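Chemist: For reference, the structure I am asking about is given below.
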Amino acid sequence: MNHFIKKLLLFTVLSAFLLAAFIYAYMYKFGSLDSFPPPSLTNSYSYNDKLLFCRNKKADYVCIGSSLSLNNIDSKTCIQNFHSDSYLNISSWGLTMADTYTLLKSYTNFSKPKKILISSNIIDFRSNEQKKADAEEIEHFFSMPSSTMLFYYIKHSTLKELLDEIKQSKVIKESHATYETLYYDAYGAAPLHKDGFTISDKRWEDSTTGPVQKIQYMYLDSIAIFCKTNNIEMLFFQSPIREGLYKKIDLKLLNAHTAQTESIIKKYNYAYVNSLETLWNDSLFVDGTHLSSVGAKAYTEYCFKKINK
Amino acid sequence: MLFNSLGFAIFLPIVFILYWFVLNKNLKIQNALLLISSLYFYSCWDYRFLFLLMFSIILDYYSALKIHTASLGSIKKFWLTLSICINLGFLAVFKYYDFFVHTFIDMLSSVGIKANLLTLNIILPVGISFYTFHGLSYIIDVYKQKTQPTENFIDYSVFVSFFPLLVAGPIERSTHLLPQIQSERKFDYSKASDGLRQILWGLFKKIVIADNCAEFANIAFNNCDNLNGSELFLGIIFFSFQIYGDFSGYSDIALGTARLFGIDLLKNFSYPYFSRDIAEFWRRWHISLSSWFRDYVYIPLGGNKGSQAMIVRNTFIIFLISGFWHGANLTFIVWGILHAIYFIPLQLLKKHRQHIDIIAQDNILPSFSELFKMAATYGMVCFAWILFRAENLEHAIRYIKILFSPSLFALPNGDTFMHTTYPFLQIASLLLIFISIEWLGRKKNFPLEDLNKKITLPIRWAMYFTIGFTILYFTGKEQQFIYFQF
């Protein structure tokens with residue numbers, strides 16, 4: 001019996017060692033030793049990566065939302081205007097209002113912010129698809145110590161996913177000059193640097209407007225109610241669209257969207273800035289709606305100036 | 001708690017250590033541990049149906065004792081009938097109530113009568129088909145005096161609820177399992193090692209083969225109207241390996257787990273796709289169920305004794321019940337009838353027991369004749385699987401129509417199976433490797449059995465690591481075990 005247990009333990013330890021060695025060698029060859037993929041708590045790599053970044057990080061001022069918050073909001077400008085460096089950008093690609101609501105609740109149960117900032121436009125209201133994310137699991141993940149990380153990998157990640165993401169993370173974690181960059185600054189934002197950036201014609205010409213899902217407005221309303229109930233101040237910035245696209249956009253749809261979002265935010269007396277009142281030069285953008293780092297600084301400064309007035 | 005889950009990976013070692021290290025000195029307490037862990041295992045599925053399981057256990061335990069102590073035959077019969085009726089009654093209500101109501105409504109509407117009977121959308125308790133049959137086999141064996149009833153309630157409860165076999169079999173016999181529960185178990189290194197090997201192989205079949213074949217099968221069955229015959233042909237091949245890998249994989253894990261506790265369960269699968277005729281297939285597929293029907297339904301009906309007509313009738317009834325056992329859907333019933341149609345000619349020609357040895361026993365490869373017979377049998381089985389997998393008869397008919405259209409000879413469209421977790425060629429290659437390993441191991445209970453007797457330790461460990469790594473790598477979209485729905 002003892003012999004059986006000893007052999008079993010020895011085999012298990014040896015196998016774990018071989019597996020770890022294999023993964024390490026794979027990372028060395030195809031990935032980067034500095035950017036190990038996150039555990040797959042959700043079905044979005046960016047979301048998983050942001051959750052890993054935000055673990056055990058409490059902040060008074062939080063920027064939350066989709067890539068329009070991740071890429072378009074300049075961290076330094078936020079810190080200057082909030083007069084505090086207790087700031088975190090917990091945004092991720094493709095988060096709809098529904099996803100943002102779930103994430104906000106999970107984060108607030110871990111660390112209640114004083115203020116949240118959402119940068120968004122019509123593209124965040126077009127999809128009904130919600131990320132597969134267990135709110136409770138995310139909430140626990142925020143506060144779990146590093147020693148439990150292995151448990152999350154075993155529970156949520158598969159070996160194939162891990163190996164595929166090792167390759168992927170090398171590109172997106174080490175370069176600012178790609179749409180998929182997750183090269184965060186110290187506060188979790190992912191500014192897009194134009195140097196060496198290859199602009200995609202398809203993305204450049206994407207008109208971005210299209211039918212919206214009414215349920216996303218309901219979720220925006222829920223976010224506002226949640227903030228009210230929890231004494232969290234909310235700032236909503238309508239993210240810009242590049243000037244050259246205006247001839248393609250369905251302006252009626254866009255105006256209806258801005259009017260709707262404005263009425264929701266102002267109903268709760270929160271600050272609302274509509275950057276679409278101004279035309280934004282194409283040189284500030286890397287596609288129809290995502291700003292370069294220079295554009296993000298200009299946009300963030302513009303919004304805070306409007307608020308401070 | 002699925003066998004291939006983290007929860008089970010934590011549960012099993014805890015129970016194992018308590019069983020062999022802490023409670024091994026006292027058989028009663030050891031059995032109590034098995035009972036508590038089995039009830040916990042079941043409650044992880046759905047704690048609401050624990051009462052049903054316990055009720056079934058208490059009913060059969062008590063009824064068996066009453067049968068044994070009764071002096072009058074009529075009283076014995078009363079308790080037997082009561083137990084059978086209540087057990088089958090629960091099964092009928094939970095499994096078949098809505099089916100009967102819907103079928104009745106359809107029948108009435110076909111003659112122009114509108115009915116609005118109440119359907120209950122009853123949740124099917126996990127494992128009810130299996131533990132009900134455990135209990136029935138015990139009560140019938142006691143009635144026929146094939147076995148003595150046990151006065152130890154815990155021993156009997158473990159017999160019914162033993163966690164490796166609780167939710168999807170194998171369907172055990174009291175004459176086989178109960179004596180093992182009642183006897184002291186001594187740790188057997190060889191048995192435990194083989195148990196681990198069997199678990200490993202079962203996990204490979206379930207995770208690597210079944211779950212990945214499922215993706216391709218689902219594409220074919222869910223989109224059959226938009227695919228051509230050759231794609232549907234591939235779909236049914238993949239389904240045949242999905243159901244085999246899934247169910248036999250589960251059985252392997254169940255058997256292997258039981259062996260860790262010093263208990264041997266009945267073999268449930270014996271390489272059924274290497275069968276040379278349908279009769280051999282049914283001696284190799286879900287063995288515990290087919291032998292249960294043989295012993296408790298077929299033989300009491302008269303079995304092979306009597307006229308040809310009676311034999312045909314009895315065989316027909318068995319396959320009909322077998323189809324019905326699988327689920328409340330006409331497709332399962334038609335599936336059963338189809339297998340009866342396959343089987344009866346062999347029986348009438350007295351050729352149903354011509355292949356009782358192992359195929360190509362003294363050779364590495366099968367002869368052309370054996371290969372042809374295997375292919376023909378496999379083809380018939382796969383055709384029947386269409387009915388098993390289809391959502392309803394209409395779906396099955398559509399599938400068959402497209403399958404046997406001229407598009408069967410068209411090339412599959414390259415895009416059809418594009419959006420799966422792993423590429424088609426990768427899974428197809430794995431399948432071929434799997435079939436080869438099974439073929440080479442066909443003389444054993446499972447291919448990795450007794451590996452320690454032939455291969456040195458470093459090579460064995462390398463093989464285990466490779467299989468384990470493959471399991472980890474090919475873990476795709478997790479699929480529920482198919483037979484849990486029964």
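Residues are named by chain letter and number: chains run A, B, ... in the order of the structure tokens, numbers start at 1 in each chain, and ligands are numbered from 1 in the order shown.
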Need to verify the contact set: B:Cys382, 9 Å, only C-alpha atoms, exclusion of same-chain residues closer than 3 positions in sequence. Can you return it as a list in words?
Modeler: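 Near B:Cys382, the qualifying residues are Ile236, Ile237, Phe239, Ser240, Thr377, Tyr378, Gly379, Trp385 and Ile386 of chain B.
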Chemist: For the interface of stretch 112-175 of chain B with stretch 248-257 of chain B (cut-off 9 Å, counting only C-alpha atoms), please tabulate each contacting residue of stretch 112-175 of chain B alongside its nearest pair of atoms and their separation in Å to one decimal, rows sorted by chain and increasing number, as JSON lines.
Modeler:
{"residue": "B:Phe163", "atom": "CA", "partner": "B:Ala254", "partner_atom": "CA", "distance": 8.4}
{"residue": "B:Pro164", "atom": "CA", "partner": "B:Ala254", "partner_atom": "CA", "distance": 4.6}
{"residue": "B:Leu165", "atom": "CA", "partner": "B:Ala254", "partner_atom": "CA", "distance": 5.9}
{"residue": "B:Ala168", "atom": "CA", "partner": "B:Tyr250", "partner_atom": "CA", "distance": 7.7}
{"residue": "B:Gly169", "atom": "CA", "partner": "B:Ser251", "partner_atom": "CA", "distance": 7.0}
{"residue": "B:Pro170", "atom": "CA", "partner": "B:Ser251", "partner_atom": "CA", "distance": 6.6}
Chemist: Expressed in Å to a single decimal, how great is the separation between atom CA of A:Lys247 and atom CA of A:Leu291?
Modeler: 19.1 Å
Chemist: Once you count only C-alpha atoms, which residues of chain A turn out to be within 7 Å of chain B? Could you give them as a list in words?
Modeler: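 Using only C-alpha atoms, chain A residues at most 7 Å from chain B: Met1, Phe4, Ser15, Lys155, Thr158, Leu159 and Lys160 of chain A.
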Chemist: Point out the residue among A:Thr102, A:Thr208, A:Ser127, A:Ser292 with the least atom-to-atom distance to A:Glu139, counting only C-alpha atoms.
Modeler: A:Thr102
Chemist: From stretch 263-309 of chain A, collect each residue whose DSSP state is helix (DSSP H, G or I) and return the set as a list in words.
Modeler: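 Everything in stretch 263-309 of chain A that counts as helix (DSSP H, G or I) is Ser263, Ile264, Ile265, Lys266, Lys267, Ser275, Leu276, Glu277, Asp282, Ser283, Leu284, Ser293, Val294, Gly295, Ala296, Lys297, Ala298, Tyr299, Thr300, Glu301, Tyr302, Cys303, Phe304, Lys305, Lys306, Ile307 and Asn308 of chain A.
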Chemist: Quick one: pull the distance between atom CA of B:Ser291 and atom CA of B:Pro366, Å, one decimal.
Modeler: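 According to the coordinates, atom CA of B:Ser291 and atom CA of B:Pro366 are separated by 27.6 Å.
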Chemist: Separation of atom CA of B:Phe319 and atom CA of B:Ile337, in Å?
Modeler: 6.2 Å
Chemist: Quick one: pick out all strand (DSSP E or B) residues within stretch 185-263 of chain A from a backbone DSSP run and write them as a list of chain:residue names.
Modeler: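 The strand (DSSP E or B) subset of stretch 185-263 of chain A is A:Glu233, A:Met234, A:Leu235, A:Phe236, A:Phe237, A:Gln238, A:Arg242.
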Chemist: Would you mind exporting the chosen residues as a PDB file, in the first residue's frame, restricted to all heavy atoms?
Modeler:
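Listed below is the output, again-v1.pdb:
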ATOM      1  N   GLU A 233     -19.715  58.172  -7.940  1.00  0.00           N
ATOM      2  CA  GLU A 233     -19.968  59.181  -8.960  1.00  0.00           C
ATOM      3  C   GLU A 233     -19.619  58.613 -10.325  1.00  0.00           C
ATOM      4  O   GLU A 233     -18.677  57.815 -10.448  1.00  0.00           O
ATOM      5  CB  GLU A 233     -19.102  60.402  -8.686  1.00  0.00           C
ATOM      6  CG  GLU A 233     -19.821  61.703  -8.983  1.00  0.00           C
ATOM      7  CD  GLU A 233     -18.900  62.879  -8.776  1.00  0.00           C
ATOM      8  OE1 GLU A 233     -18.376  63.031  -7.652  1.00  0.00           O
ATOM      9  OE2 GLU A 233     -18.667  63.609  -9.763  1.00  0.00           O
ATOM     10  N   MET A 234     -20.377  59.044 -11.336  1.00  0.00           N
ATOM     11  CA  MET A 234     -20.179  58.461 -12.665  1.00  0.00           C
ATOM     12  C   MET A 234     -19.914  59.538 -13.697  1.00  0.00           C
ATOM     13  O   MET A 234     -20.587  60.578 -13.725  1.00  0.00           O
ATOM     14  CB  MET A 234     -21.440  57.684 -13.029  1.00  0.00           C
ATOM     15  CG  MET A 234     -21.385  56.936 -14.330  1.00  0.00           C
ATOM     16  SD  MET A 234     -22.905  55.980 -14.516  1.00  0.00           S
ATOM     17  CE  MET A 234     -22.855  55.582 -16.228  1.00  0.00           C
ATOM     18  N   LEU A 235     -18.924  59.305 -14.540  1.00  0.00           N
ATOM     19  CA  LEU A 235     -18.656  60.193 -15.667  1.00  0.00           C
ATOM     20  C   LEU A 235     -18.849  59.383 -16.942  1.00  0.00           C
ATOM     21  O   LEU A 235     -18.337  58.265 -17.044  1.00  0.00           O
ATOM     22  CB  LEU A 235     -17.195  60.702 -15.636  1.00  0.00           C
ATOM     23  CG  LEU A 235     -16.668  61.300 -14.338  1.00  0.00           C
ATOM     24  CD1 LEU A 235     -15.191  61.661 -14.509  1.00  0.00           C
ATOM     25  CD2 LEU A 235     -17.452  62.528 -13.949  1.00  0.00           C
ATOM     26  N   PHE A 236     -19.575  59.947 -17.899  1.00  0.00           N
ATOM     27  CA  PHE A 236     -19.800  59.244 -19.160  1.00  0.00           C
ATOM     28  C   PHE A 236     -19.298  60.127 -20.303  1.00  0.00           C
ATOM     29  O   PHE A 236     -19.776  61.242 -20.495  1.00  0.00           O
ATOM     30  CB  PHE A 236     -21.288  58.928 -19.345  1.00  0.00           C
ATOM     31  CG  PHE A 236     -21.550  58.010 -20.504  1.00  0.00           C
ATOM     32  CD1 PHE A 236     -21.667  56.643 -20.312  1.00  0.00           C
ATOM     33  CD2 PHE A 236     -21.681  58.506 -21.798  1.00  0.00           C
ATOM     34  CE1 PHE A 236     -21.893  55.784 -21.381  1.00  0.00           C
ATOM     35  CE2 PHE A 236     -21.913  57.654 -22.866  1.00  0.00           C
ATOM     36  CZ  PHE A 236     -22.026  56.295 -22.659  1.00  0.00           C
ATOM     37  N   PHE A 237     -18.312  59.612 -21.038  1.00  0.00           N
ATOM     38  CA  PHE A 237     -17.768  60.344 -22.167  1.00  0.00           C
ATOM     39  C   PHE A 237     -18.191  59.658 -23.464  1.00  0.00           C
ATOM     40  O   PHE A 237     -17.929  58.466 -23.645  1.00  0.00           O
ATOM     41  CB  PHE A 237     -16.218  60.363 -22.120  1.00  0.00           C
ATOM     42  CG  PHE A 237     -15.626  61.059 -20.916  1.00  0.00           C
ATOM     43  CD1 PHE A 237     -14.261  60.905 -20.642  1.00  0.00           C
ATOM     44  CD2 PHE A 237     -16.380  61.855 -20.066  1.00  0.00           C
ATOM     45  CE1 PHE A 237     -13.675  61.549 -19.547  1.00  0.00           C
ATOM     46  CE2 PHE A 237     -15.811  62.490 -18.980  1.00  0.00           C
ATOM     47  CZ  PHE A 237     -14.462  62.337 -18.710  1.00  0.00           C
ATOM     48  N   GLN A 238     -18.831  60.404 -24.334  1.00  0.00           N
ATOM     49  CA  GLN A 238     -19.203  59.867 -25.650  1.00  0.00           C
ATOM     50  C   GLN A 238     -17.946  59.930 -26.513  1.00  0.00           C
ATOM     51  O   GLN A 238     -17.451  61.009 -26.841  1.00  0.00           O
ATOM     52  CB  GLN A 238     -20.315  60.733 -26.259  1.00  0.00           C
ATOM     53  CG  GLN A 238     -21.046  60.077 -27.405  1.00  0.00           C
ATOM     54  CD  GLN A 238     -21.973  58.952 -26.962  1.00  0.00           C
ATOM     55  OE1 GLN A 238     -21.778  57.806 -27.321  1.00  0.00           O
ATOM     56  NE2 GLN A 238     -22.971  59.301 -26.190  1.00  0.00           N
ATOM     57  N   ARG A 242     -13.899  59.349 -36.171  1.00  0.00           N
ATOM     58  CA  ARG A 242     -13.027  60.159 -37.000  1.00  0.00           C
ATOM     59  C   ARG A 242     -13.819  60.948 -38.044  1.00  0.00           C
ATOM     60  O   ARG A 242     -14.826  60.496 -38.591  1.00  0.00           O
ATOM     61  CB  ARG A 242     -11.908  59.317 -37.646  1.00  0.00           C
ATOM     62  CG  ARG A 242     -12.319  58.415 -38.758  1.00  0.00           C
ATOM     63  CD  ARG A 242     -11.072  57.746 -39.396  1.00  0.00           C
ATOM     64  NE  ARG A 242     -11.481  56.877 -40.480  1.00  0.00           N
ATOM     65  CZ  ARG A 242     -11.713  57.281 -41.727  1.00  0.00           C
ATOM     66  NH1 ARG A 242     -11.540  58.572 -42.051  1.00  0.00           N
ATOM     67  NH2 ARG A 242     -12.108  56.437 -42.663  1.00  0.00           N
TER      68      ARG A 242
END
